[in-house]
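Asker: Enclosed is the structure file target27.csv (CSV, C-alpha atoms).
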```csv
chain,number,residue,atom,x,y,z
E,1,MET,CA,-63.5,32.5,-129.6
E,2,GLY,CA,-62.0,33.4,-126.2
E,3,GLU,CA,-59.1,35.4,-127.5
E,4,ASP,CA,-58.5,39.0,-126.3
E,5,PRO,CA,-59.6,41.2,-129.2
E,6,GLY,CA,-56.5,43.4,-128.6
E,7,SER,CA,-54.1,40.4,-128.5
E,8,PRO,CA,-51.2,40.4,-131.0
E,9,ARG,CA,-52.4,36.8,-131.9
E,10,ASP,CA,-55.6,38.4,-133.4
E,11,PRO,CA,-54.3,41.6,-135.1
E,12,GLU,CA,-57.2,41.7,-137.6
E,13,ARG,CA,-59.8,41.2,-134.8
E,14,ARG,CA,-61.2,38.1,-136.6
E,15,TYR,CA,-62.2,36.4,-133.4
E,16,ALA,CA,-63.9,39.6,-132.2
E,17,ARG,CA,-65.8,39.9,-135.5
E,18,VAL,CA,-67.0,36.3,-135.2
E,19,ASP,CA,-68.1,36.8,-131.6
E,20,ALA,CA,-70.0,40.0,-132.6
E,21,THR,CA,-71.7,38.3,-135.5
E,22,LEU,CA,-72.9,35.4,-133.4
E,23,ASN,CA,-74.2,37.9,-130.8
E,24,TYR,CA,-76.1,39.9,-133.5
E,25,ARG,CA,-77.7,36.7,-134.8
E,26,LYS,CA,-78.7,35.5,-131.4
E,27,GLU,CA,-80.1,38.9,-130.4
E,28,LEU,CA,-82.1,39.1,-133.7
E,29,GLU,CA,-83.4,35.5,-133.3
E,30,GLU,CA,-84.6,36.3,-129.7
E,31,ASN,CA,-86.2,39.6,-130.8
E,32,LEU,CA,-88.1,37.9,-133.7
E,33,ASN,CA,-89.3,35.0,-131.5
E,34,VAL,CA,-90.9,37.5,-129.2
E,35,ALA,CA,-92.3,39.9,-131.8
E,36,TYR,CA,-93.4,37.2,-134.3
E,37,PRO,CA,-93.7,33.8,-132.5
E,38,GLU,CA,-94.3,30.8,-134.8
E,39,ILE,CA,-98.0,30.0,-134.8
E,40,THR,CA,-98.8,26.3,-134.2
E,41,TRP,CA,-101.9,24.3,-133.2
E,42,GLU,CA,-100.8,24.9,-129.6
E,43,ASN,CA,-101.0,28.7,-129.7
E,44,ILE,CA,-103.4,29.4,-132.6
E,45,ASP,CA,-106.3,30.3,-130.3
E,46,ASP,CA,-104.1,32.9,-128.6
E,47,PHE,CA,-103.3,34.3,-132.0
E,48,ARG,CA,-107.0,34.3,-133.1
E,49,ASN,CA,-108.1,36.2,-130.0
E,50,GLY,CA,-105.3,38.8,-130.2
E,51,LYS,CA,-103.2,37.6,-127.2
E,52,ILE,CA,-100.5,37.1,-129.7
E,53,PRO,CA,-100.5,40.4,-131.7
E,54,PHE,CA,-98.5,39.1,-134.7
E,55,GLY,CA,-97.0,35.7,-135.5
E,56,SER,CA,-95.2,33.9,-138.2
E,57,ILE,CA,-95.7,30.8,-140.3
E,58,ASN,CA,-93.2,28.7,-142.3
E,59,LEU,CA,-94.7,28.3,-145.7
E,60,LYS,CA,-92.7,25.1,-146.2
E,61,GLU,CA,-94.7,23.7,-143.4
E,62,LYS,CA,-96.3,20.4,-144.5
E,63,ASP,CA,-99.4,21.0,-142.5
E,64,ILE,CA,-101.5,22.7,-145.1
E,65,LYS,CA,-104.5,22.9,-142.8
E,66,LEU,CA,-102.5,24.8,-140.2
E,67,ILE,CA,-101.2,27.3,-142.8
E,68,GLY,CA,-104.8,27.9,-144.0
E,69,ASN,CA,-106.0,28.4,-140.5
E,70,VAL,CA,-103.3,30.9,-139.7
E,71,LEU,CA,-103.8,32.9,-142.9
E,72,THR,CA,-107.6,32.9,-142.4
E,73,SER,CA,-107.2,34.2,-138.8
E,74,ALA,CA,-104.7,36.8,-140.0
E,75,LEU,CA,-107.2,38.1,-142.6
E,76,GLU,CA,-110.1,38.1,-140.1
E,77,ARG,CA,-108.1,40.1,-137.6
E,78,ALA,CA,-106.8,42.5,-140.3
E,79,SER,CA,-110.5,43.3,-141.1
E,80,ASP,CA,-111.2,44.5,-137.5
E,81,PRO,CA,-110.5,48.3,-137.2
E,82,GLN,CA,-110.2,47.7,-133.4
E,83,ASP,CA,-107.5,45.1,-133.8
E,84,VAL,CA,-103.8,46.0,-133.8
E,85,ALA,CA,-103.5,43.8,-136.9
E,86,HIS,CA,-105.8,46.1,-138.9
E,87,SER,CA,-104.0,47.8,-141.7
E,88,THR,CA,-104.7,51.6,-141.9
E,89,HIS,CA,-102.9,51.7,-145.3
E,90,GLY,CA,-104.9,48.8,-146.6
E,91,ALA,CA,-108.2,50.3,-145.5
E,92,GLU,CA,-107.5,53.2,-147.9
E,93,HIS,CA,-108.7,50.8,-150.6
E,94,ASP,CA,-112.5,50.9,-150.9
E,95,VAL,CA,-112.5,47.2,-151.4
E,96,TYR,CA,-110.2,46.3,-148.5
E,97,GLN,CA,-112.9,44.6,-146.4
E,98,GLU,CA,-114.5,42.9,-149.3
E,99,THR,CA,-111.2,41.5,-150.4
E,100,LEU,CA,-110.3,40.1,-147.0
E,101,SER,CA,-113.7,38.4,-146.8
E,102,VAL,CA,-113.5,36.8,-150.2
E,103,LEU,CA,-109.9,35.7,-149.6
E,104,ALA,CA,-110.8,34.0,-146.4
E,105,GLU,CA,-113.6,32.1,-148.2
E,106,HIS,CA,-111.1,31.0,-150.9
E,107,ILE,CA,-108.6,29.8,-148.4
E,108,GLU,CA,-111.2,27.7,-146.6
E,109,GLU,CA,-112.1,26.2,-150.0
E,110,GLY,CA,-108.4,25.6,-150.7
E,111,GLN,CA,-108.6,27.9,-153.8
E,112,TYR,CA,-105.6,30.1,-153.2
E,113,SER,CA,-101.9,30.5,-153.7
E,114,ILE,CA,-99.1,32.3,-151.9
E,115,ARG,CA,-95.8,33.4,-153.4
E,116,ARG,CA,-92.7,35.4,-152.5
E,117,SER,CA,-92.2,38.8,-154.0
E,118,ARG,CA,-88.7,40.3,-153.8
E,119,SER,CA,-88.4,44.0,-153.1
E,120,TYR,CA,-86.1,46.5,-151.4
E,121,ILE,CA,-86.4,48.9,-148.5
E,122,LYS,CA,-84.1,51.6,-147.2
E,123,ILE,CA,-82.7,51.0,-143.7
E,124,THR,CA,-80.7,53.3,-141.5
E,125,THR,CA,-77.6,51.6,-140.2
E,126,ASP,CA,-74.3,52.7,-138.6
E,127,ALA,CA,-73.0,52.9,-142.2
E,128,GLY,CA,-75.8,55.2,-143.2
E,129,ILE,CA,-78.9,54.6,-145.3
E,130,GLU,CA,-78.7,51.3,-147.1
E,131,ARG,CA,-80.9,49.7,-149.8
E,132,ILE,CA,-81.7,46.3,-148.4
E,133,PRO,CA,-83.3,43.2,-150.2
E,134,ILE,CA,-86.5,41.9,-148.5
E,135,GLU,CA,-89.4,39.6,-149.4
E,136,ARG,CA,-93.1,40.1,-149.0
E,137,PHE,CA,-95.8,37.4,-149.7
E,138,VAL,CA,-98.6,37.8,-152.2
E,139,LEU,CA,-101.7,35.9,-151.1
E,140,GLU,CA,-104.0,35.4,-154.1
E,141,GLY,CA,-107.5,33.9,-154.3
E,142,GLN,CA,-109.4,32.7,-157.4
E,143,GLN,CA,-110.6,35.1,-160.1
E,144,PHE,CA,-114.4,35.6,-159.9
E,145,LEU,CA,-117.1,37.4,-161.7
E,146,ARG,CA,-118.1,40.5,-159.8
E,147,THR,CA,-121.2,42.6,-160.6
E,148,THR,CA,-121.1,46.2,-159.3
E,149,TYR,CA,-122.2,49.7,-160.1
E,150,ARG,CA,-119.7,52.2,-161.4
E,151,PRO,CA,-119.8,55.8,-162.5
E,152,GLU,CA,-119.2,56.2,-166.2
E,153,ALA,CA,-116.7,59.0,-165.2
E,154,ILE,CA,-114.4,56.4,-163.7
E,155,GLU,CA,-114.3,54.3,-166.8
E,156,GLU,CA,-113.6,57.4,-168.9
E,157,ALA,CA,-110.8,58.4,-166.5
E,158,GLU,CA,-109.2,54.9,-166.6
E,159,SER,CA,-109.4,55.0,-170.4
E,160,LEU,CA,-107.5,58.3,-170.4
E,161,LYS,CA,-104.8,56.8,-168.2
E,162,LYS,CA,-103.9,54.5,-171.0
E,163,GLU,CA,-102.6,57.6,-172.9
E,164,ASN,CA,-99.0,58.5,-172.2
E,165,ASP,CA,-99.3,61.8,-173.9
E,166,LEU,CA,-100.8,64.7,-171.8
E,167,LYS,CA,-101.7,66.6,-175.0
E,168,LYS,CA,-103.9,63.6,-176.1
E,169,VAL,CA,-105.4,63.4,-172.6
E,170,ASN,CA,-106.3,67.1,-172.7
E,171,LYS,CA,-107.8,66.8,-176.2
E,172,GLU,CA,-110.0,63.9,-175.1
E,173,LEU,CA,-111.0,65.6,-171.9
E,174,ARG,CA,-112.0,68.7,-173.9
E,175,ARG,CA,-114.2,66.5,-176.1
E,176,ILE,CA,-115.8,65.0,-173.0
E,177,CYS,CA,-116.6,68.4,-171.6
E,178,LEU,CA,-118.1,69.7,-174.9
E,179,SER,CA,-120.3,66.6,-175.4
E,180,ARG,CA,-121.3,65.7,-171.9
E,181,GLY,CA,-121.0,69.0,-169.9
E,182,VAL,CA,-118.5,70.7,-167.7
E,183,PRO,CA,-119.5,69.1,-164.4
E,184,TYR,CA,-119.1,65.6,-165.9
E,185,GLY,CA,-115.7,66.7,-167.3
E,186,ILE,CA,-114.7,67.9,-163.8
E,187,LEU,CA,-115.6,64.4,-162.4
E,188,VAL,CA,-113.5,62.7,-165.1
E,189,ALA,CA,-110.5,65.0,-164.5
E,190,THR,CA,-110.7,64.4,-160.8
E,191,TYR,CA,-110.9,60.6,-161.2
E,192,PHE,CA,-108.0,60.9,-163.6
E,193,GLY,CA,-105.9,62.5,-160.9
E,194,PHE,CA,-105.8,66.2,-161.8
E,195,SER,CA,-105.3,68.5,-158.8
E,196,HIS,CA,-107.5,71.6,-158.5
E,197,ASP,CA,-104.6,73.6,-160.0
E,198,ASN,CA,-104.5,71.2,-163.0
E,199,ILE,CA,-108.2,71.7,-163.5
E,200,PHE,CA,-108.0,75.5,-163.3
E,201,SER,CA,-105.2,75.5,-165.9
E,202,PHE,CA,-107.1,73.1,-168.1
E,203,PHE,CA,-110.2,75.3,-168.2
E,204,ALA,CA,-108.2,78.5,-168.5
E,205,GLU,CA,-107.3,78.0,-172.1
E,206,PRO,CA,-109.0,80.8,-174.1
E,207,ASN,CA,-109.9,78.8,-177.2
E,208,PHE,CA,-111.4,76.0,-175.1
E,209,GLN,CA,-113.5,78.5,-173.1
E,210,LYS,CA,-114.7,79.9,-176.5
E,211,SER,CA,-115.6,76.4,-177.7
E,212,LEU,CA,-117.5,75.7,-174.5
E,213,LYS,CA,-119.6,78.9,-174.8
E,214,ASP,CA,-120.3,78.3,-178.5
E,215,GLU,CA,-121.4,74.7,-177.8
E,216,LEU,CA,-123.1,75.0,-174.3
E,217,GLY,CA,-124.1,78.7,-174.2
E,218,ASP,CA,-122.6,82.0,-173.0
E,219,LYS,CA,-123.8,81.4,-169.4
E,220,ILE,CA,-121.9,78.1,-169.0
E,221,LYS,CA,-120.1,77.9,-165.7
E,222,ILE,CA,-116.4,77.3,-165.9
E,223,PRO,CA,-114.0,76.6,-163.0
E,224,THR,CA,-111.8,79.6,-162.3
E,225,ARG,CA,-109.2,80.6,-159.7
E,226,ASN,CA,-111.0,83.9,-159.4
E,227,ARG,CA,-113.8,82.3,-157.4
E,228,LYS,CA,-112.7,80.9,-154.0
E,229,GLN,CA,-115.7,78.7,-153.8
E,230,ASP,CA,-114.5,76.8,-157.0
E,231,ALA,CA,-111.3,75.8,-155.2
E,232,ASN,CA,-113.3,74.7,-152.2
E,233,MET,CA,-115.6,72.6,-154.4
E,234,LEU,CA,-112.7,70.9,-156.2
E,235,ARG,CA,-110.9,70.1,-152.9
E,236,GLN,CA,-114.1,68.7,-151.4
E,237,LEU,CA,-114.9,66.7,-154.5
E,238,SER,CA,-111.4,65.2,-154.6
E,239,ASN,CA,-111.6,64.3,-150.9
E,240,ASN,CA,-114.9,62.5,-151.6
E,241,ILE,CA,-114.2,60.5,-154.8
E,242,VAL,CA,-110.4,59.7,-154.9
E,243,VAL,CA,-107.8,58.4,-152.6
E,244,ARG,CA,-104.3,59.7,-152.3
E,245,THR,CA,-102.0,57.2,-150.7
E,246,ALA,CA,-98.9,58.0,-148.6
E,247,SER,CA,-96.8,57.2,-151.7
E,248,GLY,CA,-98.6,59.8,-153.8
E,249,GLU,CA,-100.7,57.3,-155.8
E,250,ILE,CA,-104.2,58.5,-156.8
E,251,TYR,CA,-107.0,56.1,-157.6
E,252,PRO,CA,-110.8,56.3,-157.6
E,253,GLN,CA,-113.0,55.4,-154.7
E,254,ARG,CA,-115.4,52.9,-156.4
E,255,SER,CA,-118.2,52.8,-153.9
E,256,ALA,CA,-121.7,54.1,-154.5
E,257,ASP,CA,-121.4,56.1,-151.3
E,258,ALA,CA,-118.3,58.0,-152.6
E,259,HIS,CA,-120.0,58.7,-155.9
E,260,GLN,CA,-123.1,60.0,-154.1
E,261,LYS,CA,-121.0,62.3,-152.0
E,262,GLY,CA,-119.3,63.6,-155.1
E,263,LEU,CA,-122.6,64.4,-156.7
E,264,GLU,CA,-123.8,66.1,-153.5
E,265,THR,CA,-120.7,68.3,-153.6
E,266,LEU,CA,-121.4,69.4,-157.2
E,267,LEU,CA,-125.1,70.0,-156.1
E,268,HIS,CA,-124.1,71.9,-153.0
E,269,PHE,CA,-121.9,74.3,-154.9
E,270,GLY,CA,-124.4,74.8,-157.7
E,271,TRP,CA,-122.7,72.9,-160.5
E,272,ILE,CA,-125.6,70.5,-161.2
E,273,GLU,CA,-129.4,70.5,-160.6
E,274,LYS,CA,-131.1,68.0,-158.4
E,275,ASP,CA,-132.8,66.1,-161.3
E,276,GLN,CA,-129.4,65.5,-163.0
E,277,VAL,CA,-128.3,63.2,-160.2
E,278,ARG,CA,-130.6,60.4,-161.5
E,279,LYS,CA,-129.8,60.9,-165.2
E,280,PRO,CA,-127.0,59.9,-167.5
E,281,PRO,CA,-124.1,60.5,-167.5
E,282,LEU,CA,-124.1,61.0,-163.8
E,283,LEU,CA,-126.2,57.9,-163.0
E,284,MET,CA,-124.2,54.8,-162.1
E,285,LYS,CA,-124.4,51.9,-164.4
E,286,GLU,CA,-124.2,48.1,-163.7
E,287,VAL,CA,-121.0,46.5,-164.9
E,288,GLU,CA,-119.4,43.1,-164.6
E,289,ASP,CA,-115.7,42.6,-164.0
E,290,LEU,CA,-113.3,39.7,-163.4
E,291,ALA,CA,-111.8,40.3,-160.0
E,292,THR,CA,-108.8,38.6,-158.4
E,293,PRO,CA,-108.5,39.1,-154.6
E,294,LYS,CA,-105.0,39.8,-153.3
E,295,ALA,CA,-103.4,40.5,-150.0
E,296,ILE,CA,-99.8,41.5,-149.2
E,297,LEU,CA,-98.1,40.1,-146.1
E,298,VAL,CA,-94.8,41.3,-144.5
E,299,GLY,CA,-92.2,38.6,-144.9
E,300,MET,CA,-90.0,37.7,-142.0
E,301,THR,CA,-87.0,38.9,-143.9
E,302,GLU,CA,-88.4,42.4,-143.8
E,303,ALA,CA,-89.2,42.2,-140.2
E,304,ALA,CA,-85.7,40.9,-139.5
E,305,GLN,CA,-84.0,43.7,-141.4
E,306,ARG,CA,-86.1,46.3,-139.6
E,307,ARG,CA,-85.2,44.8,-136.2
E,308,ALA,CA,-81.6,43.9,-136.8
E,309,SER,CA,-79.0,45.9,-134.8
E,310,LYS,CA,-77.8,49.0,-136.7
E,311,SER,CA,-74.3,47.7,-136.1
E,312,TYR,CA,-74.9,44.4,-137.8
E,313,LYS,CA,-73.1,44.8,-141.1
E,314,ASP,CA,-73.7,43.4,-144.6
E,315,PRO,CA,-73.0,41.2,-146.4
E,316,ASP,CA,-73.4,38.8,-143.5
E,317,LYS,CA,-76.6,40.4,-142.2
E,318,SER,CA,-78.6,40.1,-145.4
E,319,GLU,CA,-77.2,36.7,-146.4
E,320,TYR,CA,-78.0,35.3,-143.0
E,321,ILE,CA,-81.5,36.8,-142.9
E,322,LEU,CA,-82.4,35.6,-146.5
E,323,ASP,CA,-81.0,32.1,-145.7
E,324,GLU,CA,-82.8,31.8,-142.4
E,325,TYR,CA,-86.2,33.5,-143.0
E,326,SER,CA,-86.9,33.6,-146.8
E,327,ASN,CA,-89.7,30.9,-146.5
E,328,VAL,CA,-91.3,32.5,-143.5
E,329,SER,CA,-94.2,35.0,-143.6
E,330,THR,CA,-95.4,37.1,-140.7
E,331,THR,CA,-99.2,37.5,-140.2
E,332,MET,CA,-99.0,41.2,-140.8
E,333,VAL,CA,-101.2,42.3,-143.7
E,334,VAL,CA,-99.9,45.4,-145.5
E,335,THR,CA,-102.9,45.8,-147.8
E,336,ALA,CA,-105.6,43.9,-149.6
E,337,TYR,CA,-107.2,44.8,-152.9
E,338,LEU,CA,-109.1,43.4,-156.0
E,339,GLU,CA,-107.2,43.3,-159.2
E,340,ILE,CA,-109.9,44.2,-161.8
E,341,GLN,CA,-110.1,43.1,-165.4
E,342,PRO,CA,-112.9,43.8,-167.8
E,343,VAL,CA,-115.0,40.9,-169.0
E,344,ASP,CA,-114.0,40.1,-172.6
E,345,SER,CA,-117.2,40.7,-174.5
E,346,ASN,CA,-115.8,38.7,-177.4
E,347,ALA,CA,-115.2,35.6,-175.3
```
If you convert what's in this file into structure tokens, what do you get?
Answerer:
Amino acid sequence: MGEDPGSPRDPERRYARVDATLNYRKELEENLNVAYPEITWENIDDFRNGKIPFGSINLKEKDIKLIGNVLTSALERASDPQDVAHSTHGAEHDVYQETLSVLAEHIEEGQYSIRRSRSYIKITTDAGIERIPIERFVLEGQQFLRTTYRPEAIEEAESLKKENDLKKVNKELRRICLSRGVPYGILVATYFGFSHDNIFSFFAEPNFQKSLKDELGDKIKIPTRNRKQDANMLRQLSNNIVVRTASGEIYPQRSADAHQKGLETLLHFGWIEKDQVRKPPLLMKEVEDLATPKAILVGMTEAAQRRASKSYKDPDKSEYILDEYSNVSTTMVVTAYLEIQPVDSNA
């Protein structure tokens, strides 16, 4: 270990590499101990009140009560917008707060599971951008029956998403517009994920415009690029009723408040009359779903990869991190959501 790296006795610099590796490991361990200290009964109060921003818990720990308390505290802190543990990305989900609350209840009842999920991230190292294996943890509660109110337009849009053929989607969307009106069709298209340019192109087809006028009257209002207010309406509607994540994913906001804002947008721009808001198909209907609450937590392997020295090279780096930390989760909540399944009416 004490050999001179430049010595003829160590021409391949093996001793130097061993020394460097040990230093990388020690540096990483110290870094993680500061950033994500292990949460125990001795320091859990400091974690609960935020004196410890983030911590870690070994999921092979035999003290199930401690694990449950750490997870519950992590969820409670993640639900507080003023807490550093609050997930901005997670809060994009309309059901984020509800999910955290339900999960905390299930943990207290002992009705939960937690499992590793292997994934990959890209890390910049001295060797360039590398694709690195990491683990996150999926915290899952019990499935439960959830009664809620939902716009029919969301259900229609989600039905369309089962089609892989855009021609079939457009055909079905045309049928919806002809049978239920253009404003309702605009809602379905927006929930589906069409941009305002997609919607303009959809309604610009001459034969479809003729069918709309034949079915709904010559004075039917159709979205067009020629009216600036139409683009403003579609942008505002999209902002109110769908969420676009940083990764580009588009999904409906399911809250009654979001739906109401969407209808107010259509009303404001003159696409619907006031009395239509309280009538089908724009009226929300009560539905029952089976919901499974889930939260995703950052694994210590991911934290370690992000904090490891850029000079610490693979394969030793990833092998060491996976061996050392694969059973350890941080308390950092990435997101929380409800996995929804329809109730089987034939059951």
Asker: I need the residue nearest E:Arg48 from this list: E:Glu27, E:Glu152, E:Thr331, E:Asp316. Use all atoms listed in the file for the distance.
Answerer: E:Thr331
Asker: Smallest atom-to-atom distance to E:Lys167: which of E:Ser238, E:Leu297, E:Phe202, E:Ser255, using all atoms listed in the file?
Answerer: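 Checking each of E:Ser238, E:Leu297, E:Phe202, E:Ser255 against E:Lys167, counting all atoms listed in the file, the winner is E:Phe202.
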Asker: Please compute the atom CA of E:Ile134-atom CA of E:Leu338 distance, one decimal, in Å.
Answerer: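 Pair atom CA of E:Ile134 / atom CA of E:Leu338 returns 23.9 Å.
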Asker: Using all atoms listed in the file for the distances, tell me which of E:Ala153, E:Ile121, E:Ala258, E:Met332 is nearest to E:Tyr184.
Answerer: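 Answer, going by the shortest atom-to-atom distance: E:Ala153.
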Asker: Could you please determine the separation between atom CA of E:Val188 and atom CA of E:Leu145 in Å, to one decimal place?
Answerer: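 For atom CA of E:Val188 relative to atom CA of E:Leu145, the distance reads 25.8 Å.
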Asker: For a quick check of understanding, using all atoms listed in the file, which of E:Leu166, E:Leu234, E:Ala304, E:Leu266 has the smallest distance to E:Leu282?
Answerer: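 Among E:Leu166, E:Leu234, E:Ala304, E:Leu266, it is E:Leu266 that comes nearest to E:Leu282.
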Asker: What gap, in Å, lies between atom CA of E:Thr190 and atom CA of E:Pro252?
Answerer: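 Separation of atom CA of E:Thr190 and atom CA of E:Pro252: 8.7 Å.
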Asker: Could you check which residues have any atom within 12 Å of (-108.8, 68.5, -175.2), counting only C-alpha atoms with coordinates taken straight from the file, and then list them as a list in words?
Answerer: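 Within the cut-off we find Leu160, Asp165, Leu166, Lys167, Lys168, Val169, Asn170, Lys171, Glu172, Leu173, Arg174, Arg175, Ile176, Cys177, Leu178, Ser179, Gly185, Ala189, Phe202, Phe203, Glu205, Asn207, Phe208, Gln209, Ser211 and Leu212 of chain E.
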Asker: At a cut-off of 10 Å, using all atoms listed in the file, what residues contact E:Asp257? Leave out same-chain residues fewer than 5 positions from it and give the result as a VMD selection string.
Answerer: chain E and resid 240 to 241 262 to 263
Asker: Restricting it to C-alpha atoms, dump the selection as a PDB file, in the coordinates of the input.
Answerer:
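Saved file again-v7.pdb follows:
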```pdb
ATOM      1  CA  ASN E 240    -114.900  62.500-151.600  1.00  0.00           C
ATOM      2  CA  ILE E 241    -114.200  60.500-154.800  1.00  0.00           C
ATOM      3  CA  GLY E 262    -119.300  63.600-155.100  1.00  0.00           C
ATOM      4  CA  LEU E 263    -122.600  64.400-156.700  1.00  0.00           C
TER       5      LEU E 263
END
```
Asker: Could you pull the residues within 6 Å of E:Val328, counting all atoms listed in the file, minus those fewer than 2 positions along the same chain, as a ChimeraX atom specification?
Answerer: /E:57-59,300,325-326
Asker: Of the candidates E:Asn31, E:Asn69, E:Ser311, E:Asn239, which shows the shortest atom-to-atom distance to E:His106, using all atoms listed in the file?
Answerer: E:Asn69
Asker: Which neighbours of E:Val343 fall inside 10 Å, counting only C-alpha atoms, when residues of the same chain fewer than 3 positions from it are skipped, and could you give them as an mmCIF file with C-alpha atoms, in the frame of the given file?
Answerer:
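around_29.cif, written as the output of this step:
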```
data_model
loop_
_atom_site.group_PDB
_atom_site.id
_atom_site.type_symbol
_atom_site.label_atom_id
_atom_site.label_comp_id
_atom_site.auth_asym_id
_atom_site.auth_seq_id
_atom_site.Cartn_x
_atom_site.Cartn_y
_atom_site.Cartn_z
ATOM 1 C CA LEU E 145 -117.100 37.400 -161.700
ATOM 2 C CA ARG E 146 -118.100 40.500 -159.800
ATOM 3 C CA VAL E 287 -121.000 46.500 -164.900
ATOM 4 C CA GLU E 288 -119.400 43.100 -164.600
ATOM 5 C CA ASP E 289 -115.700 42.600 -164.000
ATOM 6 C CA LEU E 290 -113.300 39.700 -163.400
ATOM 7 C CA ALA E 291 -111.800 40.300 -160.000
ATOM 8 C CA ILE E 340 -109.900 44.200 -161.800
ATOM 9 C CA ASN E 346 -115.800 38.700 -177.400
ATOM 10 C CA ALA E 347 -115.200 35.600 -175.300
#
```
